[in-house]
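K.L.:
Sharing a structure with you now.
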Amino acid sequence: MKTISTKVAIVGAGPSGLLLGQLLHKHGIDNVIVERVSADYVLGRIRAGILEQGLVKLLEEAGVSARMHREGIPHDGFCISHSERLERIDVKSLTGGESVMCYGQTEVTRDLMAARSEAGLTTLYESSEVSIVDICSESPAVLCRHEGQPVRIECDFVAGCDGFHGVSRQTIPEEKRTEHERVYPFGWLGVLSDTPPVHDELIYAKSERGFALASQRSPTRSRYYIQVPLTDSVDQWSDEAFWAELKRRLPSDISAKLVTGPSIEKSIAPLRSFVCEPMQYGRLHLVGDAAHIVPPTGAKGLNLAASDVSTLYKLLLKAYRAGDFNVMSRYSEICLRRVWNGERFSWWMTNMLHDFGDESVGGMDGASMARFMESELNYYLDSPAGRAVIAEQYVGLPYEQID
Ligand code: APR
Ligand code: PHB
C-alpha cells in the first residue's frame, strides 16, 4: 500500500475540487485530489457558462483568470421572452453596476487543470474503489486504487467535491443527514453548434410549446436548449427537428435571425432541485454538486459550488493560521444560507418559465398552476421592483464575510 500524507484530501476534480485545491495551494495548504475518471473525460462534459462576480473574483484570487478576462464576454443584461414579448433585464443598471461573465465551465475547468499541473500538485486521475474512512477521528483518510496499486491518503480534512453521484455524501450515515428533493417532470435537450449566437445576450423563453434558452460560448459558438419530456431520447431529435422546435419557441423576429448548423454536442439533462443538510460530518465537508443540485434555469450550479469553495477555503485558512480547528463547525450553516437562496431562485425561475402540462402542484391542477405562473411572470416583468429582484438574484447575492 502506498501512503501519501497531506493536509486536505479532495475527492473529485470537477470545478469545485480544482478551485479549492488551487486556492489552498496559493496559501500554502498542501492538498491531493483523487478523481474517478481521466482529465479528458472531465473536460468532455458540457455545462453552463454564466459566472457571477463572486466566482470571477475567486478565479482572480486563485491566479487563473487571465484567459477568462481575455476570451470571456461580460454581459450587462439578459432577456426573458413570453411568446412574442421580449423583455430585457438590464442587470447592470438594476444592480448598481454589476454584470455576469459569459465563459464556459469547461474552460474554467481547463484553466484550473493547467494551473494545477504547472504547480506540480498531485491529482490521482482514474482512481477506482474510492472510499473515505475514520471521518470522525482527527486523522481521516481517503483510500483508493490508482495505477493498479492501493493508495491511502492521510489528511486533516476531506473535501467531498465528487458531484451528485459521488461517495462523499453517502459516507455520512443516513440518520445524520436530511435530503430535500424535487425531480421535475421534464429535461433540457441541449445543442452546441459553431454558429453565431442569435442574440448578443441570453434569452430565456417561455412559450406555449415549452421553455427554450438561447445561450452562447463565444461570438462563433452557440448553446441552445429546449424543454423536452423525460421520455425523449437524443436519437429522436435530428438537428433539423431541434432547430425547427427552437424557432417555434423564440419570438418570431429572433427566430428569423437564427443561424443553424450541425450540432457538435447534443444531450438531454434531467432537472432536479436537491439539498443535503448538513453539509458536513466529522472532518468531511461537502462542496458543490455533492451537496446540492439546482435546475439550470438561472445558471446557479457552478456559482453555488464556488461560494461553498470560498467558505471552505477561508475557514481552513483561519483554522490553520489559528491552530484551532473548531471554526470548521460553521461551514455548513454559512453555506446553506446562500445555497437555499440559489435553490429558491432556480426553482422559481423553473416554475415560471416551463410548461408543467397536467402535473398538479401543491394540490392545484396543472391548468390553474399555469395561469398562476403566467401572472407571476407578467407581474415581475411589469414592475420595476420585480425586475430588480430578478436582476439582483441573477448576478448572485454577496458571499458572507468570514471574520
Ligand atoms: N471518486 C472520485 N471522484 C469522483 C467520484 C468518486 N467516487 N465520483 C465522482 N467523482 C468526480 C466526477 O468524475 C467529477 O469529475 O467528481 C467530480 C465532480 O464534478 P462535478 O460533477 O462537475 O461537480 P462540482 O465540481 O461540484 O461542480 C459543480 O458542475 O454539475 C455542475 O451544475 C454544476 O456547474 C456546477 C458544477
Ligand atoms: C449555458 O450556456 O449552458 C447556460 C446558460 C444559462 C443557463 C443555463 C445554461 O441558465
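Within each chain, counting starts at residue 1; across the C-alpha cells, chains are named A, B, ... in the order shown, with ligands numbered 1 upward in that order.
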Applying 12 Å and only C-alpha atoms, which residues near A:Val130 remain after dropping the ones on its own chain fewer than 3 positions away? List them as a ChimeraX atom specification.
P.N.:
/A:9-12,33-37,124-127,133,141-146,150-153,160,162,166-168,170-171
K.L.:
So that I have them on file, write out the residues from the current selection with N, CA and C atoms, as a compact mmCIF listing (two decimals), in the first residue's frame.
P.N.:
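Output file out_2.txt is given in full below:
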```
# COMPACT_ATOMS: atom_id res chain seq x y z
N ALA A 9 -7.45 16.26 1.73
CA ALA A 9 -7.68 15.32 0.63
C ALA A 9 -8.98 15.74 -0.05
N ILE A 10 -8.90 15.95 -1.36
CA ILE A 10 -10.06 16.41 -2.12
C ILE A 10 -10.55 15.28 -3.01
N VAL A 11 -11.82 14.92 -2.88
CA VAL A 11 -12.37 13.85 -3.72
C VAL A 11 -13.13 14.53 -4.87
N GLY A 12 -12.64 14.35 -6.11
CA GLY A 12 -13.31 14.92 -7.29
C GLY A 12 -12.54 16.08 -7.88
N ILE A 33 -5.71 15.58 -4.88
CA ILE A 33 -7.05 15.29 -5.44
C ILE A 33 -7.11 13.86 -5.96
N VAL A 34 -8.21 13.20 -5.66
CA VAL A 34 -8.48 11.86 -6.20
C VAL A 34 -9.68 11.98 -7.14
N GLU A 35 -9.52 11.53 -8.37
CA GLU A 35 -10.62 11.67 -9.36
C GLU A 35 -10.88 10.30 -10.00
N ARG A 36 -12.15 9.98 -10.18
CA ARG A 36 -12.55 8.67 -10.70
C ARG A 36 -12.22 8.49 -12.18
N VAL A 37 -12.37 9.57 -12.97
CA VAL A 37 -12.18 9.44 -14.42
C VAL A 37 -10.92 10.19 -14.87
N LEU A 124 -4.69 12.29 -8.59
CA LEU A 124 -4.72 10.88 -8.97
C LEU A 124 -5.96 10.62 -9.85
N TYR A 125 -5.78 10.84 -11.17
CA TYR A 125 -6.88 10.60 -12.11
C TYR A 125 -7.08 9.09 -12.26
N GLU A 126 -8.25 8.73 -12.73
CA GLU A 126 -8.63 7.33 -12.99
C GLU A 126 -8.41 6.44 -11.77
N SER A 127 -8.81 6.96 -10.61
CA SER A 127 -8.74 6.16 -9.38
C SER A 127 -10.03 5.38 -9.22
N VAL A 133 -12.48 7.08 5.09
CA VAL A 133 -12.54 6.35 6.37
C VAL A 133 -12.14 7.24 7.54
N ALA A 141 -8.87 9.50 6.36
CA ALA A 141 -8.08 9.12 5.17
C ALA A 141 -9.01 8.83 4.01
N VAL A 142 -8.45 9.00 2.81
CA VAL A 142 -9.16 8.60 1.59
C VAL A 142 -8.40 7.40 1.03
N LEU A 143 -9.11 6.34 0.75
CA LEU A 143 -8.50 5.14 0.17
C LEU A 143 -8.92 5.01 -1.28
N CYS A 144 -8.00 4.54 -2.11
CA CYS A 144 -8.38 4.28 -3.50
C CYS A 144 -7.39 3.32 -4.13
N ARG A 145 -7.68 2.94 -5.36
CA ARG A 145 -6.74 2.13 -6.14
C ARG A 145 -6.34 2.99 -7.33
N HIS A 146 -5.03 3.18 -7.51
CA HIS A 146 -4.54 4.05 -8.58
C HIS A 146 -3.38 3.35 -9.29
N PRO A 150 -3.03 -0.11 -4.34
CA PRO A 150 -3.84 0.53 -3.30
C PRO A 150 -3.13 1.76 -2.72
N VAL A 151 -3.86 2.84 -2.54
CA VAL A 151 -3.27 4.08 -2.02
C VAL A 151 -4.07 4.54 -0.80
N ARG A 152 -3.35 5.05 0.20
CA ARG A 152 -4.00 5.62 1.38
C ARG A 152 -3.54 7.06 1.50
N ILE A 153 -4.49 8.01 1.48
CA ILE A 153 -4.13 9.43 1.61
C ILE A 153 -4.54 9.87 3.00
N GLY A 160 -15.39 16.80 0.07
CA GLY A 160 -16.19 15.95 -0.84
C GLY A 160 -16.67 16.78 -2.00
N ASP A 162 -17.20 15.52 -5.12
CA ASP A 162 -17.35 14.48 -6.13
C ASP A 162 -18.74 14.42 -6.76
N GLY A 166 -21.30 10.99 -6.29
CA GLY A 166 -20.04 10.60 -5.65
C GLY A 166 -20.23 9.79 -4.37
N VAL A 167 -19.10 9.47 -3.73
CA VAL A 167 -19.15 8.66 -2.50
C VAL A 167 -19.26 9.51 -1.23
N SER A 168 -18.88 10.78 -1.33
CA SER A 168 -18.76 11.59 -0.12
C SER A 168 -20.06 11.70 0.66
N GLN A 170 -22.63 9.85 0.59
CA GLN A 170 -23.04 8.53 1.09
C GLN A 170 -22.24 8.12 2.32
N THR A 171 -21.09 8.77 2.53
CA THR A 171 -20.25 8.45 3.69
C THR A 171 -20.90 8.97 4.98
```
K.L.:
Let me see if you get this right: every residue at most 9 Å from ligand 2, counting only C-alpha atoms and all ligand atoms, written as a ChimeraX atom specification.
P.N.:
/A:46-50,102-105,190,192,202-204,213-217,222-225,295-301,346
K.L.:
Pull N, CA, C and O atoms from the residues just selected and write them as a short mmCIF file (atom, residue, chain, number, x, y, z; two decimals), in the first residue's frame.
P.N.:
```cif
data_model
loop_
_atom_site.label_atom_id
_atom_site.label_comp_id
_atom_site.auth_asym_id
_atom_site.auth_seq_id
_atom_site.Cartn_x
_atom_site.Cartn_y
_atom_site.Cartn_z
N ILE A 46 -20.17 19.08 -21.01
CA ILE A 46 -20.58 20.44 -21.39
C ILE A 46 -21.56 20.95 -20.33
O ILE A 46 -22.59 20.33 -20.10
N ARG A 47 -21.21 22.04 -19.70
CA ARG A 47 -22.10 22.58 -18.66
C ARG A 47 -22.31 24.07 -18.90
O ARG A 47 -21.81 24.64 -19.85
N ALA A 48 -23.03 24.72 -17.97
CA ALA A 48 -23.42 26.13 -18.17
C ALA A 48 -22.21 27.06 -18.24
O ALA A 48 -21.07 26.64 -18.07
N GLY A 49 -22.48 28.34 -18.50
CA GLY A 49 -21.35 29.23 -18.72
C GLY A 49 -21.57 30.67 -18.30
O GLY A 49 -21.09 31.59 -18.97
N ILE A 50 -22.30 30.87 -17.19
CA ILE A 50 -22.50 32.24 -16.71
C ILE A 50 -21.89 32.34 -15.31
O ILE A 50 -22.32 31.65 -14.38
N CYS A 102 -19.75 35.69 -19.29
CA CYS A 102 -20.11 34.54 -20.11
C CYS A 102 -18.81 33.82 -20.50
O CYS A 102 -18.03 34.32 -21.31
N TYR A 103 -18.56 32.67 -19.88
CA TYR A 103 -17.32 31.90 -20.09
C TYR A 103 -17.63 30.47 -19.66
O TYR A 103 -18.06 30.23 -18.52
N GLY A 104 -17.46 29.52 -20.56
CA GLY A 104 -17.90 28.14 -20.32
C GLY A 104 -17.23 27.47 -19.12
O GLY A 104 -16.05 27.67 -18.86
N GLN A 105 -18.03 26.66 -18.41
CA GLN A 105 -17.48 25.91 -17.27
C GLN A 105 -16.34 25.00 -17.70
O GLN A 105 -15.38 24.80 -16.96
N GLY A 190 -30.02 19.88 -25.02
CA GLY A 190 -29.07 20.94 -25.33
C GLY A 190 -28.30 20.66 -26.61
O GLY A 190 -27.98 19.50 -26.90
N LEU A 192 -24.94 22.19 -28.90
CA LEU A 192 -23.81 23.12 -29.04
C LEU A 192 -23.51 23.19 -30.54
O LEU A 192 -23.47 22.15 -31.21
N LEU A 202 -28.30 36.44 -23.44
CA LEU A 202 -29.09 35.21 -23.33
C LEU A 202 -30.58 35.52 -23.40
O LEU A 202 -31.01 36.58 -22.95
N ILE A 203 -31.35 34.59 -23.96
CA ILE A 203 -32.81 34.73 -23.96
C ILE A 203 -33.42 33.48 -23.29
O ILE A 203 -33.22 32.36 -23.75
N TYR A 204 -34.10 33.70 -22.17
CA TYR A 204 -34.88 32.65 -21.50
C TYR A 204 -36.30 32.79 -22.05
O TYR A 204 -36.94 33.83 -21.84
N LEU A 213 -33.95 28.09 -24.24
CA LEU A 213 -32.90 29.04 -23.83
C LEU A 213 -31.92 29.22 -24.98
O LEU A 213 -31.44 28.24 -25.55
N ALA A 214 -31.67 30.48 -25.32
CA ALA A 214 -30.64 30.79 -26.33
C ALA A 214 -29.43 31.31 -25.56
O ALA A 214 -29.45 32.42 -25.04
N SER A 215 -28.37 30.48 -25.48
CA SER A 215 -27.15 30.88 -24.78
C SER A 215 -25.98 30.85 -25.76
O SER A 215 -26.16 30.65 -26.97
N GLN A 216 -24.81 31.06 -25.26
CA GLN A 216 -23.65 31.18 -26.15
C GLN A 216 -22.35 30.88 -25.41
O GLN A 216 -22.31 30.89 -24.18
N ARG A 217 -21.32 30.62 -26.18
CA ARG A 217 -20.00 30.38 -25.60
C ARG A 217 -18.98 31.41 -26.09
O ARG A 217 -18.01 31.71 -25.45
N SER A 222 -22.59 28.76 -30.24
CA SER A 222 -23.86 28.94 -29.53
C SER A 222 -24.21 27.70 -28.72
O SER A 222 -23.81 26.58 -29.05
N ARG A 223 -25.00 27.91 -27.70
CA ARG A 223 -25.56 26.81 -26.92
C ARG A 223 -27.05 27.07 -26.77
O ARG A 223 -27.45 28.14 -26.29
N TYR A 224 -27.86 26.13 -27.24
CA TYR A 224 -29.31 26.28 -27.16
C TYR A 224 -29.91 25.09 -26.42
O TYR A 224 -29.36 23.98 -26.45
N TYR A 225 -31.04 25.35 -25.77
CA TYR A 225 -31.75 24.27 -25.07
C TYR A 225 -33.25 24.38 -25.35
O TYR A 225 -33.77 25.49 -25.51
N PRO A 295 -31.88 23.18 -10.76
CA PRO A 295 -32.17 23.12 -12.20
C PRO A 295 -31.43 24.27 -12.87
O PRO A 295 -31.18 25.29 -12.22
N PRO A 296 -31.03 24.12 -14.14
CA PRO A 296 -30.13 25.11 -14.75
C PRO A 296 -30.76 26.48 -15.06
O PRO A 296 -30.05 27.40 -15.44
N THR A 297 -32.07 26.61 -14.86
CA THR A 297 -32.73 27.89 -15.14
C THR A 297 -32.21 28.95 -14.17
O THR A 297 -32.60 28.93 -13.00
N GLY A 298 -31.34 29.82 -14.61
CA GLY A 298 -30.76 30.82 -13.72
C GLY A 298 -29.26 30.66 -13.56
O GLY A 298 -28.60 31.53 -12.99
N ALA A 299 -28.72 29.55 -14.06
CA ALA A 299 -27.27 29.32 -14.11
C ALA A 299 -26.60 29.40 -12.74
O ALA A 299 -25.56 30.02 -12.60
N LYS A 300 -27.19 28.77 -11.74
CA LYS A 300 -26.64 28.89 -10.39
C LYS A 300 -25.74 27.72 -9.96
O LYS A 300 -25.05 27.81 -8.94
N GLY A 301 -25.74 26.60 -10.69
CA GLY A 301 -25.00 25.41 -10.24
C GLY A 301 -23.54 25.67 -9.92
O GLY A 301 -23.09 25.49 -8.79
N SER A 346 -33.68 29.33 -8.49
CA SER A 346 -33.69 28.39 -9.63
C SER A 346 -35.04 27.68 -9.74
O SER A 346 -35.54 27.44 -10.85
#
```
K.L.:
Leaving out stretch 318-326 of chain A and any residue of its chain fewer than 3 positions from it, which residues lie within 10 Å of it when counting only C-alpha atoms, given as a list in words?
P.N.:
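Near neighbours after the sequence-gap exclusion: Lys7, Ile29, Asp156, Arg283, Leu312, Tyr313, Lys314, Leu315, Ser329, Arg330, Ile402 and Asp403 of chain A.
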K.L.:
I need the residues from that last selection saved to file as a short mmCIF file (atom, residue, chain, number, x, y, z; two decimals), in the first residue's frame (with N, CA and C atoms), if you can.
P.N.:
```cif
data_model
loop_
_atom_site.label_atom_id
_atom_site.label_comp_id
_atom_site.auth_asym_id
_atom_site.auth_seq_id
_atom_site.Cartn_x
_atom_site.Cartn_y
_atom_site.Cartn_z
N LYS A 7 -2.58 17.78 3.90
CA LYS A 7 -3.48 18.44 4.85
C LYS A 7 -4.94 18.22 4.46
N ILE A 29 -1.40 25.61 1.73
CA ILE A 29 -2.02 24.42 2.34
C ILE A 29 -2.00 23.27 1.34
N ASP A 156 -5.84 15.89 7.32
CA ASP A 156 -6.58 16.51 8.44
C ASP A 156 -8.06 16.61 8.10
N ARG A 283 -14.83 15.27 9.94
CA ARG A 283 -13.84 16.06 9.19
C ARG A 283 -14.16 16.13 7.69
N LEU A 312 -15.25 27.28 2.41
CA LEU A 312 -14.39 26.22 2.94
C LEU A 312 -12.94 26.66 3.00
N TYR A 313 -12.46 27.29 1.94
CA TYR A 313 -11.04 27.65 1.92
C TYR A 313 -10.73 28.74 2.94
N LYS A 314 -11.67 29.68 3.12
CA LYS A 314 -11.44 30.74 4.11
C LYS A 314 -11.47 30.18 5.54
N LEU A 315 -12.36 29.25 5.80
CA LEU A 315 -12.40 28.64 7.14
C LEU A 315 -11.13 27.81 7.38
N SER A 329 -16.67 24.13 12.28
CA SER A 329 -18.05 23.73 12.56
C SER A 329 -19.06 24.71 11.95
N ARG A 330 -18.61 25.89 11.54
CA ARG A 330 -19.53 26.90 10.96
C ARG A 330 -19.81 26.66 9.48
N ILE A 402 -16.27 36.09 6.21
CA ILE A 402 -15.81 35.19 7.27
C ILE A 402 -14.87 36.02 8.13
N ASP A 403 -15.31 36.37 9.34
CA ASP A 403 -14.45 37.29 10.13
C ASP A 403 -13.34 36.54 10.84
#
```
K.L.:
Point out the residue among A:His199, A:His180, A:His292, A:Arg248 with the least atom-to-atom distance to ligand 1, counting only C-alpha atoms and all ligand atoms.
P.N.:
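Between A:His199, A:His180, A:His292, A:Arg248, the residue approaching ligand 1 most closely is A:His292.
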